[in-house]
file protein-v7.csv (CSV, C-alpha atoms)
chain,number,residue,atom,x,y,z
F,32,MET,CA,1.8,-4.6,11.2
F,33,LEU,CA,1.2,-8.2,10.1
F,34,CYS,CA,-1.4,-9.2,7.6
F,35,ASP,CA,-3.1,-12.6,7.6
F,36,ALA,CA,-3.9,-13.4,4.0
F,37,HIS,CA,-6.2,-16.3,4.8
F,38,ASN,CA,-8.2,-17.4,7.8
F,39,HIS,CA,-11.6,-18.5,9.0
F,40,LEU,CA,-12.2,-16.3,12.1
F,41,HIS,CA,-16.0,-16.8,11.6
F,42,ASP,CA,-15.6,-20.6,12.1
F,43,ALA,CA,-18.0,-21.9,14.7
F,44,LYS,CA,-15.1,-23.7,16.4
F,45,LEU,CA,-13.6,-20.3,17.3
F,46,ALA,CA,-16.9,-18.7,18.5
F,47,PRO,CA,-16.5,-19.6,22.2
F,48,PHE,CA,-13.1,-17.8,22.3
F,49,ILE,CA,-13.7,-14.8,20.0
F,50,ASP,CA,-13.9,-12.3,22.9
F,51,GLU,CA,-10.3,-13.2,24.0
F,52,LEU,CA,-9.1,-13.9,20.5
F,53,LEU,CA,-9.6,-10.5,18.9
F,54,PRO,CA,-7.6,-8.5,21.5
F,55,ALA,CA,-4.8,-11.1,21.2
F,56,LEU,CA,-4.5,-10.2,17.5
F,57,ALA,CA,-3.9,-6.5,18.4
F,58,VAL,CA,-1.2,-7.5,20.9
F,59,SER,CA,0.4,-9.6,18.2
F,60,LYS,CA,0.4,-6.6,15.9
F,61,ILE,CA,-1.9,-8.3,13.4
F,62,GLY,CA,-3.6,-5.4,11.8
F,63,ARG,CA,-5.5,-6.9,8.8
F,64,ALA,CA,-6.9,-10.3,7.8
F,65,MET,CA,-8.9,-11.8,5.1
F,66,VAL,CA,-11.8,-13.9,6.5
F,67,ASN,CA,-12.8,-16.5,4.0
F,68,GLY,CA,-16.3,-18.0,3.8
F,69,THR,CA,-16.7,-21.5,2.3
F,70,CYS,CA,-20.4,-21.9,1.7
F,71,GLU,CA,-23.8,-20.2,1.7
F,72,ALA,CA,-24.4,-21.3,5.3
F,73,ASP,CA,-21.4,-19.4,6.7
F,74,TRP,CA,-21.4,-16.2,4.7
F,75,ALA,CA,-23.5,-14.4,7.3
F,76,ALA,CA,-21.0,-15.4,10.0
F,77,VAL,CA,-18.2,-13.8,7.9
F,78,GLU,CA,-20.1,-10.6,7.8
F,79,ASN,CA,-20.7,-10.7,11.6
F,80,VAL,CA,-17.0,-11.2,12.5
F,81,CYS,CA,-15.9,-8.4,10.1
F,82,ARG,CA,-18.3,-6.1,11.9
F,83,ARG,CA,-16.7,-6.9,15.2
F,84,TRP,CA,-13.1,-6.2,14.1
F,85,SER,CA,-12.2,-3.3,11.8
F,86,GLY,CA,-9.1,-5.2,10.6
F,87,ALA,CA,-11.1,-8.0,9.2
F,88,GLN,CA,-11.9,-7.9,5.5
F,89,PRO,CA,-14.6,-10.3,4.1
F,90,SER,CA,-14.2,-12.8,1.3
F,91,PHE,CA,-17.2,-14.9,0.1
F,92,GLY,CA,-16.9,-18.1,-1.9
F,93,LEU,CA,-18.1,-21.6,-2.5
F,94,HIS,CA,-15.3,-24.0,-1.6
F,95,PRO,CA,-14.9,-27.1,-3.8
F,96,TRP,CA,-15.8,-29.3,-0.8
F,97,LYS,CA,-19.2,-27.6,-0.6
F,98,VAL,CA,-20.2,-27.5,-4.2
F,99,LYS,CA,-22.7,-30.4,-3.8
F,100,GLU,CA,-24.5,-28.4,-1.1
F,101,ARG,CA,-25.2,-25.3,-3.1
F,102,SER,CA,-28.7,-23.9,-3.6
F,103,PRO,CA,-30.2,-23.0,-7.0
F,104,ALA,CA,-29.6,-19.3,-6.1
F,105,TRP,CA,-26.1,-19.6,-4.7
F,106,ASP,CA,-24.4,-17.3,-7.3
F,107,ARG,CA,-27.1,-14.6,-7.0
F,108,THR,CA,-26.6,-14.6,-3.3
F,109,LEU,CA,-22.8,-14.4,-3.7
F,110,GLU,CA,-23.2,-11.5,-6.2
F,111,ALA,CA,-25.5,-9.6,-3.8
F,112,LEU,CA,-22.8,-9.9,-1.1
F,113,LEU,CA,-20.1,-8.6,-3.4
F,114,GLU,CA,-22.3,-5.6,-4.2
F,115,ARG,CA,-23.0,-5.0,-0.5
F,116,HIS,CA,-19.3,-5.2,0.5
F,117,PRO,CA,-17.1,-3.2,-1.8
F,118,ARG,CA,-13.9,-4.4,-0.2
F,119,ALA,CA,-14.9,-8.1,-0.2
F,120,GLY,CA,-12.9,-10.7,-2.1
F,121,VAL,CA,-14.1,-13.9,-3.7
F,122,GLY,CA,-12.9,-17.0,-1.8
F,123,GLU,CA,-12.3,-19.5,-0.7
F,124,ILE,CA,-12.9,-21.2,-4.0
F,125,GLY,CA,-11.0,-23.7,-6.1
F,126,LEU,CA,-10.5,-27.3,-7.3
F,127,ASP,CA,-9.8,-30.4,-5.3
F,128,ARG,CA,-9.1,-34.0,-6.5
F,129,TRP,CA,-8.0,-35.1,-3.1
F,130,ILE,CA,-11.4,-35.4,-1.5
F,131,ARG,CA,-13.4,-38.7,-1.9
F,132,ASP,CA,-15.9,-38.9,-4.7
F,133,PHE,CA,-14.8,-35.6,-6.2
F,134,ASP,CA,-16.6,-34.3,-9.3
F,135,LEU,CA,-14.1,-32.1,-11.1
F,136,ALA,CA,-16.5,-31.1,-13.8
F,137,ASP,CA,-19.0,-29.8,-11.3
F,138,GLN,CA,-16.2,-28.1,-9.4
F,139,LEU,CA,-15.0,-26.4,-12.6
F,140,LEU,CA,-18.5,-25.2,-13.3
F,141,VAL,CA,-18.8,-23.5,-9.9
F,142,PHE,CA,-15.2,-22.3,-10.0
F,143,LYS,CA,-15.5,-20.6,-13.4
F,144,ARG,CA,-18.8,-18.9,-12.4
F,145,GLN,CA,-17.1,-17.4,-9.4
F,146,LEU,CA,-14.2,-16.2,-11.5
F,147,GLU,CA,-16.7,-14.5,-13.7
F,148,LEU,CA,-18.2,-12.7,-10.7
F,149,ALA,CA,-14.7,-11.7,-9.6
F,150,GLU,CA,-14.0,-10.3,-13.0
F,151,LYS,CA,-17.3,-8.4,-13.2
F,152,TRP,CA,-16.8,-6.8,-9.8
F,153,GLN,CA,-13.0,-6.6,-10.0
F,154,ARG,CA,-12.3,-8.5,-6.8
F,155,SER,CA,-9.3,-10.5,-5.7
F,156,VAL,CA,-9.7,-14.3,-5.5
F,157,SER,CA,-8.5,-16.7,-2.8
F,158,ILE,CA,-7.9,-20.2,-4.3
F,159,HIS,CA,-7.7,-23.6,-2.7
F,160,CYS,CA,-6.2,-26.4,-4.8
F,161,LEU,CA,-5.2,-30.0,-4.1
F,162,ARG,CA,-4.1,-32.4,-6.8
F,163,ALA,CA,-5.7,-30.3,-9.6
F,164,TRP,CA,-2.8,-28.0,-10.5
F,165,GLY,CA,-3.0,-28.6,-14.3
F,166,ALA,CA,-6.7,-27.9,-14.4
F,167,LEU,CA,-6.2,-24.8,-12.3
F,168,LEU,CA,-3.4,-23.4,-14.4
F,169,GLU,CA,-5.4,-24.0,-17.6
F,170,THR,CA,-8.5,-22.3,-16.1
F,171,MET,CA,-6.5,-19.3,-14.9
F,172,GLN,CA,-4.8,-18.9,-18.3
F,173,ASN,CA,-8.3,-18.6,-19.8
F,174,HIS,CA,-8.9,-15.7,-17.4
F,175,ALA,CA,-5.5,-14.0,-18.0
F,176,GLY,CA,-5.5,-10.3,-17.5
F,177,ARG,CA,-9.1,-10.0,-16.3
F,178,LEU,CA,-8.6,-10.3,-12.6
F,179,PRO,CA,-6.9,-7.9,-10.1
F,180,GLY,CA,-4.9,-10.8,-8.8
F,181,PHE,CA,-5.4,-14.1,-7.0
F,182,LEU,CA,-3.9,-15.9,-4.0
F,183,LEU,CA,-2.9,-19.5,-4.0
F,184,HIS,CA,-3.4,-20.1,-0.3
F,185,SER,CA,-1.0,-22.5,1.4
F,186,TYR,CA,0.6,-23.2,-1.9
F,187,SER,CA,1.6,-26.8,-2.3
F,188,GLY,CA,1.9,-27.1,-6.0
F,189,PRO,CA,5.0,-27.9,-8.1
F,190,ALA,CA,7.9,-25.5,-8.1
F,191,GLU,CA,7.8,-25.4,-11.9
F,192,MET,CA,4.3,-23.9,-11.8
F,193,VAL,CA,5.3,-20.9,-9.7
F,194,GLY,CA,6.6,-19.0,-12.8
F,195,PRO,CA,3.5,-19.5,-15.0
F,196,PHE,CA,1.1,-18.7,-12.1
F,197,THR,CA,3.1,-15.6,-11.2
F,198,LYS,CA,2.8,-14.3,-14.8
F,199,LEU,CA,-1.0,-14.6,-14.5
F,200,GLY,CA,-1.0,-12.5,-11.3
F,201,ALA,CA,-0.6,-15.1,-8.5
F,202,TYR,CA,0.5,-14.5,-4.9
F,203,PHE,CA,1.5,-17.4,-2.7
F,204,SER,CA,0.8,-17.6,1.1
F,205,PHE,CA,3.0,-19.5,3.5
F,206,SER,CA,1.4,-21.4,6.5
F,207,ALA,CA,3.0,-22.2,9.8
F,208,ALA,CA,1.9,-25.8,9.2
F,209,PHE,CA,4.6,-26.0,6.5
F,210,LEU,CA,7.1,-26.0,9.4
F,211,GLN,CA,5.8,-29.5,10.4
F,212,PRO,CA,8.2,-32.4,9.9
F,213,GLY,CA,7.8,-33.9,6.4
F,214,LYS,CA,7.0,-30.6,4.7
F,215,GLU,CA,10.6,-29.9,3.5
F,216,ALA,CA,9.5,-29.9,-0.2
F,217,LYS,CA,6.9,-27.2,0.4
F,218,ARG,CA,9.4,-25.1,2.3
F,219,GLU,CA,11.9,-25.4,-0.5
F,220,VAL,CA,9.4,-24.0,-3.0
F,221,PHE,CA,8.9,-20.9,-0.8
F,222,GLN,CA,12.6,-20.2,-0.9
F,223,ASN,CA,12.4,-19.3,-4.6
F,224,ILE,CA,9.0,-17.5,-4.9
F,225,PRO,CA,9.5,-13.9,-6.0
F,226,ALA,CA,9.6,-11.8,-2.8
F,227,ASN,CA,6.9,-9.4,-4.0
F,228,ARG,CA,4.5,-12.3,-4.4
F,229,LEU,CA,4.9,-13.6,-0.8
F,230,LEU,CA,2.1,-13.6,1.8
F,231,ILE,CA,1.7,-15.3,5.2
F,232,GLU,CA,-1.5,-16.9,6.5
F,233,SER,CA,-2.8,-18.6,9.7
F,234,ASP,CA,-5.7,-20.5,8.1
F,235,ALA,CA,-7.1,-20.5,11.7
F,236,PRO,CA,-8.6,-22.6,13.2
F,237,ASP,CA,-6.8,-25.1,11.0
F,238,MET,CA,-3.2,-25.6,9.8
F,239,ALA,CA,-1.5,-25.3,13.3
F,240,PRO,CA,2.3,-24.9,13.6
F,241,PRO,CA,4.3,-27.6,15.3
F,242,ILE,CA,3.4,-27.7,18.9
F,243,GLU,CA,6.9,-26.6,20.0
F,244,LEU,CA,6.6,-23.5,17.9
F,245,LYS,CA,3.2,-22.4,19.0
F,246,ARG,CA,3.1,-18.9,20.5
F,247,HIS,CA,-0.6,-18.8,21.2
F,248,ALA,CA,-2.9,-21.6,22.3
F,249,LEU,CA,-6.7,-22.1,22.7
F,250,PRO,CA,-8.4,-24.3,25.3
F,251,ASP,CA,-8.9,-26.9,22.5
F,252,PRO,CA,-5.4,-28.0,21.6
F,253,ASN,CA,-6.6,-29.1,18.2
F,254,LEU,CA,-7.4,-25.6,17.1
F,255,ASN,CA,-4.9,-23.1,15.7
F,256,HIS,CA,-5.0,-19.6,17.2
F,257,PRO,CA,-4.8,-16.9,14.5
F,258,ALA,CA,-2.1,-15.0,16.3
F,259,ASN,CA,0.2,-17.9,15.4
F,260,LEU,CA,0.6,-16.0,12.2
F,261,VAL,CA,3.8,-14.7,13.7
F,262,VAL,CA,5.2,-18.3,13.6
F,263,ALA,CA,4.6,-18.3,9.8
F,264,LEU,CA,6.4,-15.0,9.5
F,265,GLU,CA,9.4,-16.1,11.5
F,266,GLY,CA,9.6,-19.5,9.8
F,267,LEU,CA,9.4,-18.0,6.3
F,268,ALA,CA,11.9,-15.3,7.2
F,269,GLN,CA,14.4,-17.9,8.3
F,270,LEU,CA,13.9,-19.9,5.1
F,271,ARG,CA,14.5,-16.7,3.0
F,272,GLY,CA,17.4,-15.6,5.2
F,273,ILE,CA,16.0,-12.1,5.9
F,274,PRO,CA,14.9,-10.4,9.2
F,275,PRO,CA,11.3,-10.9,10.2
F,276,ALA,CA,10.7,-7.2,10.2
F,277,GLU,CA,11.8,-7.0,6.6
F,278,LEU,CA,9.5,-9.8,5.6
F,279,ALA,CA,6.6,-8.2,7.5
F,280,ALA,CA,7.0,-5.1,5.4
F,281,ILE,CA,7.2,-7.1,2.2
F,282,THR,CA,4.1,-9.2,3.0
F,283,SER,CA,2.1,-6.2,4.2
F,284,ALA,CA,2.8,-4.4,0.9
F,285,SER,CA,1.8,-7.5,-1.1
F,286,PHE,CA,-1.4,-7.7,1.0
F,287,SER,CA,-2.3,-4.2,0.1
F,288,CYS,CA,-1.5,-4.8,-3.6
F,289,LEU,CA,-3.8,-7.8,-3.7
F,290,PHE,CA,-6.6,-7.0,-1.4
F,291,GLY,CA,-6.6,-3.2,-1.4
F,292,VAL,CA,-5.3,-0.4,0.9
F,293,ALA,CA,-6.9,-0.3,4.3
call {"tool": "encode", "arguments": {"input": "protein-v7.csv", "output": "structure tokens"}}
result
Amino acid sequence: MLCDAHNHLHDAKLAPFIDELLPALAVSKIGRAMVNGTCEADWAAVENVCRRWSGAQPSFGLHPWKVKERSPAWDRTLEALLERHPRAGVGEIGLDRWIRDFDLADQLLVFKRQLELAEKWQRSVSIHCLRAWGALLETMQNHAGRLPGFLLHSYSGPAEMVGPFTKLGAYFSFSAAFLQPGKEAKREVFQNIPANRLLIESDAPDMAPPIELKRHALPDPNLNHPANLVVALEGLAQLRGIPPAELAAITSASFSCLFGVA
């Protein structure tokens, strides 16, 4: 069984294909997946897709790209969802200095509030980070030992930060998009991450693998089919020099450690 540590199955771009998409996951032996919301407007869609497929596990969060859109009651709504869904994670949340006109102070305010909720309800956290690794490490150090664990999804941070993040409880997910030309440095980092902290992700409908490696396609060629998770598995297995079946077992065990047993 393969486990997708991070995707967006609820995304409106996938809605026209969902009836064909979900059976394809079963054929591809994908048994579990974390479906990550990014804002108040899509949390209901996360709930809906998780009702349609028993392998889907919800995660609710306010993405750093969406912090300026939040309502005054956003955190109360988020907490109500965590209470209603005992297996839900907190995510996708994080910090981002790559986007135009970013307000890191405001992002930190929202990020820290969501970490507080994750601590209160003892939920795993899925984190997005771009160009804010120092601020992220400092923040997570301030929450050391109080979270069940956290995922650095599509980890693109420095190799020297893998150790400090690991000590704080981090897992690191590999995306098939890292097999694209020009991503050699990202691939090199994943050669040295501790095996028991490795996960794989599709990030569908985004982060598609190179076109020549795609195993599954959607009518819209710009979209990534979530069953391309197998491309991430095979690519990472080759980087690590181990059989794909062995890596599948490793990442499935890590998925259960971080997100709970099915």
call {"tool": "closest_residue", "arguments": {"input": "protein-v7.csv", "among": "F:Ala239, F:Ser287, F:Ala258, F:Leu178", "to": "Glu51 (chain F)", "atoms": "all atoms listed in the file"}}
result
F:Ala258
call {"tool": "closest_atom_pairs", "arguments": {"input": "protein-v7.csv", "of": "region 76-166 of chain F", "to": "region 181-192 of chain F", "cutoff": "10 Å", "atoms": "all atoms listed in the file", "output": "JSON lines"}}
result
{"residue": "F:Gly120", "atom": "CA", "partner": "F:Phe181", "partner_atom": "CA", "distance": 9.6}
{"residue": "F:Val121", "atom": "CA", "partner": "F:Phe181", "partner_atom": "CA", "distance": 9.3}
{"residue": "F:Gly122", "atom": "CA", "partner": "F:Leu182", "partner_atom": "CA", "distance": 9.3}
{"residue": "F:Glu123", "atom": "CA", "partner": "F:His184", "partner_atom": "CA", "distance": 8.9}
{"residue": "F:Gly125", "atom": "CA", "partner": "F:Leu183", "partner_atom": "CA", "distance": 9.4}
{"residue": "F:Ala149", "atom": "CA", "partner": "F:Phe181", "partner_atom": "CA", "distance": 10.0}
{"residue": "F:Arg154", "atom": "CA", "partner": "F:Phe181", "partner_atom": "CA", "distance": 8.9}
{"residue": "F:Ser155", "atom": "CA", "partner": "F:Phe181", "partner_atom": "CA", "distance": 5.5}
{"residue": "F:Val156", "atom": "CA", "partner": "F:Phe181", "partner_atom": "CA", "distance": 4.6}
{"residue": "F:Ser157", "atom": "CA", "partner": "F:Leu182", "partner_atom": "CA", "distance": 4.8}
{"residue": "F:Ile158", "atom": "CA", "partner": "F:Leu183", "partner_atom": "CA", "distance": 5.1}
{"residue": "F:His159", "atom": "CA", "partner": "F:His184", "partner_atom": "CA", "distance": 6.0}
{"residue": "F:Cys160", "atom": "CA", "partner": "F:Leu183", "partner_atom": "CA", "distance": 7.7}
{"residue": "F:Leu161", "atom": "CA", "partner": "F:Ser187", "partner_atom": "CA", "distance": 7.7}
{"residue": "F:Arg162", "atom": "CA", "partner": "F:Gly188", "partner_atom": "CA", "distance": 8.0}
{"residue": "F:Ala163", "atom": "CA", "partner": "F:Gly188", "partner_atom": "CA", "distance": 9.0}
{"residue": "F:Trp164", "atom": "CA", "partner": "F:Gly188", "partner_atom": "CA", "distance": 6.6}
{"residue": "F:Gly165", "atom": "CA", "partner": "F:Met192", "partner_atom": "CA", "distance": 9.0}
call {"tool": "closest_residue", "arguments": {"input": "protein-v7.csv", "among": "F:Val220, F:Val98, F:Leu244, F:Ala76", "to": "Phe203 (chain F)", "atoms": "all atoms listed in the file"}}
result
F:Val220
call {"tool": "residues_around", "arguments": {"input": "protein-v7.csv", "residues": "region 169-175 of chain F", "least_positions_apart": "2", "cutoff": "9 Å", "atoms": "all atoms listed in the file", "output": "PyMOL selection string"}}
result
chain F and resi 139+143+146-147+150+164-167+177-178+195-196+198-200
call {"tool": "atom_distance", "arguments": {"input": "protein-v7.csv", "atom1": "CA of Lys217 (chain F)", "atom2": "CA of Trp129 (chain F)"}}
result
17.2 Å
call {"tool": "closest_residue", "arguments": {"input": "protein-v7.csv", "among": "F:Ala263, F:Pro236, F:Ala136, F:Leu229", "to": "Asp251 (chain F)", "atoms": "all atoms listed in the file"}}
result
F:Pro236
call {"tool": "closest_residue", "arguments": {"input": "protein-v7.csv", "among": "F:Leu135, F:Leu148, F:Ile130, F:Cys81", "to": "Met65 (chain F)", "atoms": "all atoms listed in the file"}}
result
F:Cys81
call {"tool": "residues_around", "arguments": {"input": "protein-v7.csv", "residues": "region 56-62 of chain F", "least_positions_apart": "4", "cutoff": "8 Å", "atoms": "only C-alpha atoms", "output": "PyMOL selection string"}}
result
chain F and resi 32-35+52+86+257-258+261
call {"tool": "closest_residue", "arguments": {"input": "protein-v7.csv", "among": "F:His94, F:Phe142, F:Gln211, F:Lys151", "to": "Glu243 (chain F)", "atoms": "only C-alpha atoms"}}
result
F:Gln211
call {"tool": "atom_distance", "arguments": {"input": "protein-v7.csv", "atom1": "CA of Val77 (chain F)", "atom2": "CA of Asp42 (chain F)"}}
result
8.4 Å
call {"tool": "atom_distance", "arguments": {"input": "protein-v7.csv", "atom1": "CA of Lys245 (chain F)", "atom2": "CA of Ala207 (chain F)"}}
result
9.2 Å
call {"tool": "residues_around", "arguments": {"input": "protein-v7.csv", "residues": "Leu267 (chain F)", "least_positions_apart": "3", "cutoff": "9 Å", "atoms": "only C-alpha atoms", "output": "PyMOL selection string"}}
result
chain F and resi 205-207+210+218+221-222+231+262-264+270-273+275+278
call {"tool": "write_last_selection", "arguments": {"input": "protein-v7.csv", "atoms": "C-alpha atoms", "output": "JSON list (two decimals), in the coordinates of the input"}}
result
[["chain", "number", "residue", "atom", "x", "y", "z"],
["F", 205, "PHE", "CA", 3.00, -19.50, 3.50],
["F", 206, "SER", "CA", 1.40, -21.40, 6.50],
["F", 207, "ALA", "CA", 3.00, -22.20, 9.80],
["F", 210, "LEU", "CA", 7.10, -26.00, 9.40],
["F", 218, "ARG", "CA", 9.40, -25.10, 2.30],
["F", 221, "PHE", "CA", 8.90, -20.90, -0.80],
["F", 222, "GLN", "CA", 12.60, -20.20, -0.90],
["F", 231, "ILE", "CA", 1.70, -15.30, 5.20],
["F", 262, "VAL", "CA", 5.20, -18.30, 13.60],
["F", 263, "ALA", "CA", 4.60, -18.30, 9.80],
["F", 264, "LEU", "CA", 6.40, -15.00, 9.50],
["F", 270, "LEU", "CA", 13.90, -19.90, 5.10],
["F", 271, "ARG", "CA", 14.50, -16.70, 3.00],
["F", 272, "GLY", "CA", 17.40, -15.60, 5.20],
["F", 273, "ILE", "CA", 16.00, -12.10, 5.90],
["F", 275, "PRO", "CA", 11.30, -10.90, 10.20],
["F", 278, "LEU", "CA", 9.50, -9.80, 5.60]]
call {"tool": "residues_around", "arguments": {"input": "protein-v7.csv", "residues": "Ala284 (chain F)", "least_positions_apart": "4", "cutoff": "10 Å", "atoms": "only C-alpha atoms", "output": "ChimeraX atom specification"}}
result
/F:34,227-230,278-280,288-289,291-292
call {"tool": "closest_residue", "arguments": {"input": "protein-v7.csv", "among": "F:Cys70, F:Pro103, F:Ile49, F:Leu109", "to": "Trp84 (chain F)", "atoms": "only C-alpha atoms"}}
result
F:Ile49
call {"tool": "build_atoms", "arguments": {"input": "protein-v7.csv", "residues": "region 175-196 of chain F", "atoms": "N, CA and C atoms", "output": "mmCIF file, keeping the file's coordinate frame"}}
result
data_model
loop_
_atom_site.group_PDB
_atom_site.id
_atom_site.type_symbol
_atom_site.label_atom_id
_atom_site.label_comp_id
_atom_site.auth_asym_id
_atom_site.auth_seq_id
_atom_site.Cartn_x
_atom_site.Cartn_y
_atom_site.Cartn_z
ATOM 1 N N ALA F 175 -6.686 -14.855 -18.066
ATOM 2 C CA ALA F 175 -5.500 -14.000 -18.000
ATOM 3 C C ALA F 175 -5.825 -12.548 -18.211
ATOM 4 N N GLY F 176 -5.320 -11.690 -17.315
ATOM 5 C CA GLY F 176 -5.500 -10.300 -17.500
ATOM 6 C C GLY F 176 -6.805 -9.682 -17.110
ATOM 7 N N ARG F 177 -7.717 -10.517 -16.617
ATOM 8 C CA ARG F 177 -9.100 -10.000 -16.300
ATOM 9 C C ARG F 177 -9.376 -9.942 -14.840
ATOM 10 N N LEU F 178 -8.421 -10.367 -14.001
ATOM 11 C CA LEU F 178 -8.600 -10.300 -12.600
ATOM 12 C C LEU F 178 -7.578 -9.368 -11.934
ATOM 13 N N PRO F 179 -7.932 -8.711 -10.814
ATOM 14 C CA PRO F 179 -6.900 -7.900 -10.100
ATOM 15 C C PRO F 179 -5.762 -8.644 -9.592
ATOM 16 N N GLY F 180 -5.971 -9.918 -9.312
ATOM 17 C CA GLY F 180 -4.900 -10.800 -8.800
ATOM 18 C C GLY F 180 -5.589 -11.934 -8.040
ATOM 19 N N PHE F 181 -4.786 -12.940 -7.708
ATOM 20 C CA PHE F 181 -5.400 -14.100 -7.000
ATOM 21 C C PHE F 181 -4.301 -14.672 -6.057
ATOM 22 N N LEU F 182 -4.790 -15.242 -4.965
ATOM 23 C CA LEU F 182 -3.900 -15.900 -4.000
ATOM 24 C C LEU F 182 -4.069 -17.396 -4.095
ATOM 25 N N LEU F 183 -2.935 -18.083 -4.168
ATOM 26 C CA LEU F 183 -2.900 -19.500 -4.000
ATOM 27 C C LEU F 183 -2.563 -19.810 -2.581
ATOM 28 N N HIS F 184 -3.599 -20.027 -1.793
ATOM 29 C CA HIS F 184 -3.400 -20.100 -0.300
ATOM 30 C C HIS F 184 -2.768 -21.423 0.047
ATOM 31 N N SER F 185 -1.818 -21.334 0.994
ATOM 32 C CA SER F 185 -1.000 -22.500 1.400
ATOM 33 C C SER F 185 -0.535 -23.280 0.198
ATOM 34 N N TYR F 186 0.174 -22.575 -0.662
ATOM 35 C CA TYR F 186 0.600 -23.200 -1.900
ATOM 36 C C TYR F 186 1.364 -24.445 -1.742
ATOM 37 N N SER F 187 0.872 -25.527 -2.342
ATOM 38 C CA SER F 187 1.600 -26.800 -2.300
ATOM 39 C C SER F 187 1.769 -27.423 -3.640
ATOM 40 N N GLY F 188 1.724 -26.584 -4.656
ATOM 41 C CA GLY F 188 1.900 -27.100 -6.000
ATOM 42 C C GLY F 188 3.353 -27.218 -6.403
ATOM 43 N N PRO F 189 3.582 -27.657 -7.625
ATOM 44 C CA PRO F 189 5.000 -27.900 -8.100
ATOM 45 C C PRO F 189 5.750 -26.594 -8.204
ATOM 46 N N ALA F 190 7.046 -26.693 -7.966
ATOM 47 C CA ALA F 190 7.900 -25.500 -8.100
ATOM 48 C C ALA F 190 7.899 -24.965 -9.503
ATOM 49 N N GLU F 191 7.795 -25.861 -10.503
ATOM 50 C CA GLU F 191 7.800 -25.400 -11.900
ATOM 51 C C GLU F 191 6.612 -24.613 -12.312
ATOM 52 N N MET F 192 5.551 -24.640 -11.511
ATOM 53 C CA MET F 192 4.300 -23.900 -11.800
ATOM 54 C C MET F 192 4.343 -22.484 -11.227
ATOM 55 N N VAL F 193 5.304 -22.189 -10.358
ATOM 56 C CA VAL F 193 5.300 -20.900 -9.700
ATOM 57 C C VAL F 193 5.478 -19.775 -10.779
ATOM 58 N N GLY F 194 6.367 -19.968 -11.745
ATOM 59 C CA GLY F 194 6.600 -19.000 -12.800
ATOM 60 C C GLY F 194 5.313 -18.712 -13.609
ATOM 61 N N PRO F 195 4.685 -19.746 -14.181
ATOM 62 C CA PRO F 195 3.500 -19.500 -15.000
ATOM 63 C C PRO F 195 2.340 -18.876 -14.142
ATOM 64 N N PHE F 196 2.161 -19.294 -12.889
ATOM 65 C CA PHE F 196 1.100 -18.700 -12.100
ATOM 66 C C PHE F 196 1.455 -17.213 -11.770
#
